[in-house]
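Participant: Contents of coords.cif (mmCIF, C-alpha atoms):
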data_final
loop_
_atom_site.label_atom_id
_atom_site.label_comp_id
_atom_site.auth_asym_id
_atom_site.auth_seq_id
_atom_site.Cartn_x
_atom_site.Cartn_y
_atom_site.Cartn_z
CA MET A 1 0.00 0.00 0.00
CA ASP A 2 1.05 3.64 -0.40
CA VAL A 3 1.97 5.62 2.72
CA THR A 4 3.39 9.08 3.39
CA ASP A 5 6.65 9.32 5.32
CA GLU A 6 8.11 12.03 7.55
CA TYR A 7 9.43 13.90 4.50
CA GLY A 8 6.01 14.06 2.84
CA GLN A 9 7.12 11.48 0.28
CA THR A 10 4.91 8.66 -0.93
CA ARG A 11 6.31 5.18 -0.34
CA THR A 12 4.97 1.73 -1.16
CA ILE A 13 5.20 -0.77 1.68
CA SER A 14 3.83 -4.17 2.65
CA ILE A 15 1.59 -4.73 5.65
CA PRO A 16 0.61 -8.09 7.15
CA ALA A 17 -2.94 -9.28 6.61
CA GLU A 18 -4.67 -10.65 9.71
CA ARG A 19 -7.73 -12.83 9.38
CA PRO A 20 -10.28 -14.07 11.92
CA LEU A 21 -10.34 -17.81 12.50
CA THR A 22 -13.28 -19.02 14.60
CA VAL A 23 -12.59 -22.35 16.30
CA TYR A 24 -15.47 -24.78 16.76
CA VAL A 25 -15.08 -27.90 18.89
CA ASP A 26 -17.70 -30.55 18.18
CA LYS A 27 -19.86 -27.82 16.58
CA ARG A 28 -19.56 -25.62 19.70
CA GLU A 29 -18.04 -22.17 19.10
CA LEU A 30 -15.00 -21.77 21.31
CA VAL A 31 -12.95 -18.71 20.33
CA THR A 32 -12.03 -16.44 17.43
CA LEU A 33 -8.30 -16.01 16.83
CA MET A 34 -6.86 -13.16 14.78
CA THR A 35 -4.00 -14.68 12.80
CA LEU A 36 -1.79 -14.42 9.75
CA GLY A 37 -2.99 -17.94 9.01
CA GLY A 38 0.31 -19.51 8.07
CA HIS A 39 -0.22 -22.79 9.92
CA PRO A 40 -3.84 -22.84 11.12
CA GLU A 41 -3.97 -26.53 12.04
CA TRP A 42 -0.87 -26.23 14.24
CA LEU A 43 -2.34 -23.08 15.78
CA VAL A 44 -5.65 -24.73 16.65
CA LEU A 45 -4.03 -27.84 18.11
CA GLY A 46 -1.58 -25.76 20.13
CA TYR A 47 -4.38 -23.55 21.41
CA LEU A 48 -6.35 -26.55 22.65
CA ARG A 49 -3.22 -28.01 24.22
CA ASN A 50 -2.08 -24.83 25.94
CA GLN A 51 -5.57 -24.11 27.25
CA ARG A 52 -5.56 -27.66 28.66
CA LEU A 53 -8.81 -28.49 26.95
CA VAL A 54 -7.27 -31.56 25.33
CA GLU A 55 -4.68 -33.73 27.07
CA SER A 56 -3.66 -36.00 24.19
CA LEU A 57 -3.52 -35.77 20.42
CA ASP A 58 -5.34 -39.12 20.36
CA GLU A 59 -8.46 -37.30 21.57
CA ILE A 60 -8.64 -35.36 18.27
CA GLU A 61 -10.25 -37.07 15.30
CA SER A 62 -9.84 -34.21 12.80
CA VAL A 63 -9.16 -30.50 12.30
CA THR A 64 -10.68 -28.92 9.19
CA VAL A 65 -9.91 -25.32 8.22
CA ASP A 66 -12.15 -23.44 5.77
CA TRP A 67 -10.83 -19.95 4.98
CA GLU A 68 -13.91 -19.11 2.88
CA VAL A 69 -15.92 -18.88 6.10
CA GLY A 70 -12.96 -18.26 8.41
CA ALA A 71 -13.57 -21.32 10.56
CA ALA A 72 -11.69 -24.28 11.98
CA ALA A 73 -13.83 -27.30 12.88
CA VAL A 74 -12.35 -29.65 15.47
CA LYS A 75 -13.93 -33.06 15.90
CA THR A 76 -13.00 -35.01 19.01
CA ARG A 77 -13.43 -38.73 19.52
CA THR A 78 -15.39 -38.60 22.79
CA GLY A 79 -15.98 -34.89 23.45
CA ILE A 80 -14.22 -32.63 25.94
CA ASP A 81 -15.12 -33.39 29.52
CA ARG A 82 -16.59 -30.44 31.46
CA ILE A 83 -15.98 -28.04 28.56
CA GLU A 84 -18.58 -25.56 29.81
CA GLU A 85 -16.93 -25.43 33.22
CA LYS A 86 -13.42 -25.20 31.80
CA THR A 87 -14.29 -22.32 29.46
CA ALA A 88 -16.60 -20.40 31.79
CA SER A 89 -13.89 -18.17 33.26
CA ARG A 90 -11.66 -15.99 31.11
CA VAL A 91 -8.67 -13.88 32.05
CA VAL A 92 -7.99 -10.85 29.85
CA THR A 93 -4.26 -10.76 29.18
CA THR A 94 -1.77 -8.36 27.67
CA GLY A 95 -1.63 -10.39 24.49
CA CYS A 96 -2.42 -9.23 20.98
CA GLY A 97 -4.15 -11.45 18.47
CA GLN A 98 -5.74 -13.51 21.22
CA GLY A 99 -5.93 -11.57 24.45
CA SER A 100 -7.47 -14.09 26.84
CA MET A 101 -6.89 -17.42 28.47
CA PHE A 102 -9.14 -19.65 30.51
CA GLY A 103 -8.90 -18.81 34.18
CA ASP A 104 -8.00 -22.17 35.72
CA LEU A 105 -4.53 -22.18 34.13
CA MET A 106 -3.09 -20.06 36.94
CA GLN A 107 -4.55 -22.43 39.53
CA ASP A 108 -2.59 -25.33 38.02
CA VAL A 109 0.79 -23.60 37.87
CA ASP A 110 2.25 -25.49 40.82
CA ARG A 111 1.62 -28.78 39.05
CA LEU A 112 4.16 -27.85 36.39
CA ARG A 113 7.66 -29.18 37.00
CA LEU A 114 10.58 -28.79 34.61
CA PRO A 115 13.62 -31.08 34.38
CA VAL A 116 16.13 -30.13 37.08
CA HIS A 117 19.33 -30.60 35.08
CA ALA A 118 18.36 -28.92 31.78
CA SER A 119 20.67 -26.03 30.88
CA LEU A 120 21.84 -23.67 28.15
CA ARG A 121 25.37 -22.46 27.44
CA GLN A 122 25.98 -18.75 27.08
CA SER A 123 27.68 -19.39 23.73
CA GLN A 124 24.51 -21.16 22.55
CA LEU A 125 22.45 -18.18 23.68
CA GLN A 126 24.63 -15.93 21.54
CA GLY A 127 24.07 -18.29 18.61
CA ILE A 128 20.29 -18.13 19.12
CA VAL A 129 20.26 -14.34 19.14
CA ASN A 130 22.43 -14.22 16.01
CA THR A 131 20.25 -16.76 14.18
CA ILE A 132 17.15 -14.66 14.88
CA ARG A 133 18.99 -11.53 13.73
CA LEU A 134 19.73 -13.16 10.37
CA GLN A 135 16.30 -14.80 9.97
CA GLU A 136 14.23 -13.56 7.04
CA SER A 137 10.94 -12.40 8.48
CA THR A 138 7.70 -10.54 7.89
CA TYR A 139 8.74 -8.22 10.71
CA LYS A 140 11.75 -6.99 8.73
CA SER A 141 9.67 -6.22 5.66
CA ALA A 142 6.37 -5.13 7.18
CA GLY A 143 6.56 -4.98 10.98
CA SER A 144 3.40 -5.37 13.09
CA VAL A 145 3.99 -9.05 13.96
CA HIS A 146 5.62 -11.13 16.67
CA GLY A 147 8.05 -13.93 16.06
CA CYS A 148 8.63 -17.08 18.11
CA ALA A 149 11.10 -19.87 17.57
CA LEU A 150 12.00 -23.28 18.92
CA PHE A 151 15.66 -24.25 19.26
CA ARG A 152 17.55 -27.37 20.26
CA GLY A 153 20.60 -25.77 21.79
CA ASP A 154 21.42 -23.14 19.17
CA GLU A 155 19.92 -25.18 16.30
CA LEU A 156 16.77 -23.56 14.88
CA LEU A 157 13.94 -26.09 14.55
CA LEU A 158 10.97 -23.85 13.79
CA PHE A 159 10.32 -20.10 13.32
CA VAL A 160 6.76 -18.76 13.38
CA GLU A 161 5.34 -15.27 13.01
CA ASP A 162 1.82 -14.10 13.80
CA VAL A 163 -0.03 -10.95 14.79
CA GLY A 164 0.15 -12.06 18.43
CA ARG A 165 2.92 -13.80 20.31
CA HIS A 166 0.32 -16.13 21.87
CA ASN A 167 -0.70 -17.41 18.44
CA ALA A 168 2.96 -17.96 17.58
CA VAL A 169 3.69 -20.00 20.72
CA ASP A 170 0.47 -21.99 20.28
CA THR A 171 1.52 -22.80 16.71
CA ILE A 172 4.85 -24.11 17.98
CA ALA A 173 3.05 -26.18 20.63
CA GLY A 174 0.85 -27.70 17.93
CA TRP A 175 3.89 -28.50 15.79
CA MET A 176 5.59 -30.20 18.74
CA TRP A 177 2.46 -32.25 19.41
CA LEU A 178 2.19 -33.45 15.81
CA HIS A 179 5.87 -34.45 15.78
CA ASP A 180 5.66 -36.44 19.00
CA SER A 181 5.52 -40.22 18.73
CA PRO A 182 6.58 -43.27 20.75
CA GLN A 183 9.34 -43.93 18.22
CA THR A 184 10.67 -40.34 18.22
CA PRO A 185 9.43 -38.48 21.32
CA MET A 186 9.34 -34.70 21.06
CA ARG A 187 11.23 -33.82 24.22
CA GLY A 188 11.05 -30.36 25.74
CA ASP A 189 13.97 -30.56 28.16
CA ASP A 190 16.58 -30.04 25.42
CA LYS A 191 14.67 -27.17 23.78
CA VAL A 192 14.82 -23.37 24.09
CA PHE A 193 11.86 -21.14 23.32
CA TYR A 194 12.50 -17.68 21.84
CA THR A 195 10.03 -14.82 21.51
CA THR A 196 10.26 -11.24 20.33
CA GLY A 197 7.55 -10.32 22.85
CA ARG A 198 7.77 -9.68 26.58
CA LEU A 199 7.73 -12.57 29.02
CA THR A 200 4.34 -12.35 30.68
CA SER A 201 2.77 -14.97 32.95
CA GLU A 202 0.84 -16.65 30.15
CA MET A 203 3.94 -16.91 27.94
CA VAL A 204 5.89 -18.50 30.80
CA ILE A 205 3.04 -20.91 31.55
CA LYS A 206 2.75 -21.99 27.93
CA SER A 207 6.50 -22.59 27.68
CA ALA A 208 6.46 -24.65 30.87
CA GLN A 209 3.47 -26.67 29.64
CA MET A 210 5.53 -27.62 26.57
CA GLY A 211 8.25 -28.84 28.94
CA VAL A 212 10.72 -26.20 27.73
CA PRO A 213 12.96 -25.08 30.64
CA VAL A 214 14.59 -22.00 29.06
CA VAL A 215 12.90 -19.02 27.40
CA VAL A 216 14.64 -16.11 25.71
CA SER A 217 13.18 -12.75 24.74
CA ARG A 218 14.57 -9.61 23.19
CA SER A 219 12.08 -7.75 25.38
CA GLY A 220 11.62 -7.61 29.14
CA MET A 221 9.58 -9.45 31.75
CA THR A 222 6.54 -8.72 33.92
CA GLN A 223 6.35 -9.27 37.68
CA MET A 224 3.80 -12.08 37.37
CA GLY A 225 5.87 -13.71 34.63
CA LEU A 226 8.84 -13.57 37.01
CA ASP A 227 6.84 -15.11 39.85
CA VAL A 228 5.58 -17.98 37.69
CA ALA A 229 9.05 -18.69 36.25
CA GLN A 230 10.51 -18.89 39.75
CA ARG A 231 7.77 -21.27 40.89
CA VAL A 232 8.08 -23.74 37.99
CA GLY A 233 11.88 -23.70 37.69
CA LEU A 234 12.05 -21.93 34.34
CA CYS A 235 15.11 -19.94 33.30
CA ALA A 236 13.87 -16.64 31.86
CA ILE A 237 16.33 -14.56 29.84
CA GLY A 238 15.32 -11.13 28.58
CA ARG A 239 16.75 -8.08 26.85
CA ALA A 240 18.75 -10.49 24.70
CA THR A 241 20.42 -8.51 21.91
CA ASN A 242 23.85 -9.05 20.42
CA LYS A 243 25.86 -10.44 23.36
CA ARG A 244 23.88 -8.69 26.05
CA PHE A 245 21.12 -10.23 28.15
CA LEU A 246 19.56 -10.28 31.60
CA CYS A 247 18.84 -13.61 33.30
CA PHE A 248 15.82 -13.01 35.52
CA THR A 249 15.27 -16.45 37.05
CA HIS A 250 17.12 -19.69 37.75
CA PRO A 251 20.57 -18.59 36.54
CA GLN A 252 21.95 -22.02 37.52
CA ARG A 253 20.55 -23.26 34.21
CA LEU A 254 22.81 -20.88 32.29
CA VAL A 255 26.39 -22.09 31.83
CA MET A 256 28.59 -18.99 31.54
CA ASP A 257 31.13 -20.22 29.02
CA ALA A 258 31.52 -16.93 27.11
CA VAL A 259 31.74 -14.31 29.85
CA GLN A 260 32.81 -10.93 28.53
CA PRO A 261 35.43 -9.03 30.58
CA LEU A 262 34.21 -5.87 32.27
CA PRO A 263 35.45 -2.65 30.62
CA GLU A 264 38.37 -1.06 32.41
CA LEU A 265 37.69 2.14 34.29
CA VAL A 266 39.70 5.06 32.96
#
Show this structure as C-alpha cells.
Facilitator:
Amino acid sequence: MDVTDEYGQTRTISIPAERPLTVYVDKRELVTLMTLGGHPEWLVLGYLRNQRLVESLDEIESVTVDWEVGAAAVKTRTGIDRIEEKTASRVVTTGCGQGSMFGDLMQDVDRLRLPVHASLRQSQLQGIVNTIRLQESTYKSAGSVHGCALFRGDELLLFVEDVGRHNAVDTIAGWMWLHDSPQTPMRGDDKVFYTTGRLTSEMVIKSAQMGVPVVVSRSGMTQMGLDVAQRVGLCAIGRATNKRFLCFTHPQRLVMDAVQPLPELV
C-alpha cells in the first residue's frame, strides 16, 4: 500500500494481513483467533493443548480449516469433559491477536515441573540471538507481527510469526504435538523457546506446559511472569540482543562459558 513518510514522500510498503479464524469444537463455538494464518492446524491444536482443553492428540479425530468462512472445525473422539466449566472463566491478558486465556490455568501452575538438570550455554544463547537476527521475516519487511522460535541448543527447529505472540507459541506447541511419537518423542527438556515479545505470565506458563525449561526474549519481563518462572523452575532470559542479556530467574541453568570481561575504568 502507499503511505506518506516524515518527509512528505509517498512510499509503497507491505503490511501483514490478519484474518479471523473461529474455532469450533464438536460444533460448539470456542474462540475467534486473529491470525496471519500460516499454519492454522498447528495453531488450533496448540491452542487446545495450551488451554488444557485436550490432554492428548489421540483425543482429536480431525481438524478442518475453511478460509472461505474463516472457521476451523475440530472433531473429538469422545468430546471434551466439562468443557462448559473449563471455558466459563476468562482472564484478559496483555496479548495481541488472542488476548485471553481460561482462568484455571493459573490455579494449576504449581503442578508444572521442569527437568532439574536442563541447561543452556551462554555461547549457545549468543548463537540463538544471532540466528534470529539473520532470519528472514515478515517483521523486517512489514513490521506489526511477533516472532517465536524453537531451538535445540542453538539449532533452529521452527520459526513462526503471527499478529500475536500467543498465536505464535500456540503454533509451535501444535507443531511439537504433531511431531511427538513413541518412536521419536518430542522432548522439551533439550529445547529453548525464543520470543520477540515480553515474558508475561501466560507466555511463561505456555513454555512450561511444553516442557521447555529456558525461554529467551529480546524484550523484558513482567512481575507475574517472574513469579511464575521462579515457581516452575524456568530460566527466563530477557533483553537479549547481540551479546547482552539479563537472566531473571534460575541462573543455575545458564552455563557462563563466554563471559565478557568488564570494561576497564579510565
Participant: For the structure provided, state which residues fall under the PyMOL selection byres ((chain A and resi 122-137) around 7), and present them as a ChimeraX atom specification.
Facilitator: /A:120-121,138-141,153-154,240-243,254-258
Participant: Would you mind telling me which residue in A:Tyr47, A:Phe159, A:Tyr24, A:Phe151 lies nearest to A:Lys75 when using all atoms listed in the file?
Facilitator: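 Of all the options, A:Tyr24 lies closest to A:Lys75.
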Participant: What is the distance, in Å and to one decimal place, between atom CA of A:Val215 and atom CA of A:Phe193?
Facilitator: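 Going from atom CA of A:Val215 over to atom CA of A:Phe193 covers 4.7 Å.
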Participant: Which residues, named as in the file, does the PyMOL selection byres ((chain A and resi 216) around 9) pick out? Answer as a ChimeraX atom specification.
Facilitator: /A:125,128-129,192-196,199,214-215,217-219,235-240
Participant: Taking the partial coordinates given, rebuild stretch 172-201 of chain A to contain N, CA and C atoms; return it as a CSV table (one decimal), keeping the file's coordinate frame.
Facilitator:
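Done, and the output landed in part-v4.csv:
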chain,number,residue,atom,x,y,z
A,172,ILE,N,3.7,-23.3,17.7
A,172,ILE,CA,4.8,-24.1,18.0
A,172,ILE,C,4.4,-25.3,18.8
A,173,ALA,N,3.5,-25.1,19.8
A,173,ALA,CA,3.0,-26.2,20.6
A,173,ALA,C,2.3,-27.2,19.8
A,174,GLY,N,1.5,-26.8,18.8
A,174,GLY,CA,0.8,-27.7,17.9
A,174,GLY,C,1.8,-28.5,17.1
A,175,TRP,N,2.9,-27.8,16.6
A,175,TRP,CA,3.9,-28.5,15.8
A,175,TRP,C,4.6,-29.6,16.6
A,176,MET,N,4.9,-29.2,17.9
A,176,MET,CA,5.6,-30.2,18.7
A,176,MET,C,4.7,-31.4,19.0
A,177,TRP,N,3.4,-31.2,19.2
A,177,TRP,CA,2.5,-32.2,19.4
A,177,TRP,C,2.4,-33.2,18.2
A,178,LEU,N,2.3,-32.6,17.0
A,178,LEU,CA,2.2,-33.4,15.8
A,178,LEU,C,3.5,-34.2,15.5
A,179,HIS,N,4.6,-33.8,16.0
A,179,HIS,CA,5.9,-34.4,15.8
A,179,HIS,C,6.3,-35.3,17.0
A,180,ASP,N,5.4,-35.6,17.9
A,180,ASP,CA,5.7,-36.4,19.0
A,180,ASP,C,5.1,-37.8,18.7
A,181,SER,N,5.9,-38.8,19.0
A,181,SER,CA,5.5,-40.2,18.7
A,181,SER,C,6.3,-41.1,19.7
A,182,PRO,N,5.8,-42.3,19.9
A,182,PRO,CA,6.6,-43.3,20.8
A,182,PRO,C,8.0,-43.6,20.2
A,183,GLN,N,8.1,-43.6,18.9
A,183,GLN,CA,9.3,-43.9,18.2
A,183,GLN,C,10.3,-42.8,18.3
A,184,THR,N,9.8,-41.5,18.1
A,184,THR,CA,10.7,-40.3,18.2
A,184,THR,C,10.0,-39.3,19.1
A,185,PRO,N,10.1,-39.4,20.4
A,185,PRO,CA,9.4,-38.5,21.3
A,185,PRO,C,9.9,-37.1,21.1
A,186,MET,N,9.0,-36.1,21.2
A,186,MET,CA,9.3,-34.7,21.1
A,186,MET,C,9.6,-34.2,22.5
A,187,ARG,N,10.8,-34.2,22.9
A,187,ARG,CA,11.2,-33.8,24.2
A,187,ARG,C,11.2,-32.3,24.3
A,188,GLY,N,11.0,-31.8,25.5
A,188,GLY,CA,11.0,-30.4,25.7
A,188,GLY,C,12.3,-30.0,26.5
A,189,ASP,N,12.9,-30.9,27.3
A,189,ASP,CA,14.0,-30.6,28.2
A,189,ASP,C,15.2,-30.1,27.4
A,190,ASP,N,15.4,-30.5,26.2
A,190,ASP,CA,16.6,-30.0,25.4
A,190,ASP,C,16.3,-28.9,24.5
A,191,LYS,N,15.1,-28.3,24.7
A,191,LYS,CA,14.7,-27.2,23.8
A,191,LYS,C,14.8,-25.8,24.5
A,192,VAL,N,14.8,-24.8,23.6
A,192,VAL,CA,14.8,-23.4,24.1
A,192,VAL,C,13.7,-22.7,23.3
A,193,PHE,N,12.9,-21.9,24.0
A,193,PHE,CA,11.9,-21.1,23.3
A,193,PHE,C,12.3,-19.7,23.2
A,194,TYR,N,12.1,-19.1,22.1
A,194,TYR,CA,12.5,-17.7,21.8
A,194,TYR,C,11.3,-16.9,21.4
A,195,THR,N,11.1,-15.7,21.9
A,195,THR,CA,10.0,-14.8,21.5
A,195,THR,C,10.5,-13.4,21.4
A,196,THR,N,10.0,-12.7,20.4
A,196,THR,CA,10.3,-11.2,20.3
A,196,THR,C,9.5,-10.4,21.3
A,197,GLY,N,8.4,-11.0,21.9
A,197,GLY,CA,7.6,-10.3,22.8
A,197,GLY,C,8.0,-10.4,24.3
A,198,ARG,N,7.4,-9.7,25.2
A,198,ARG,CA,7.8,-9.7,26.6
A,198,ARG,C,7.3,-11.0,27.2
A,199,LEU,N,8.0,-11.3,28.3
A,199,LEU,CA,7.7,-12.6,29.0
A,199,LEU,C,6.7,-12.3,30.1
A,200,THR,N,5.4,-12.5,29.7
A,200,THR,CA,4.3,-12.4,30.7
A,200,THR,C,4.0,-13.7,31.3
A,201,SER,N,3.1,-13.7,32.3
A,201,SER,CA,2.8,-15.0,33.0
A,201,SER,C,2.3,-16.0,32.0
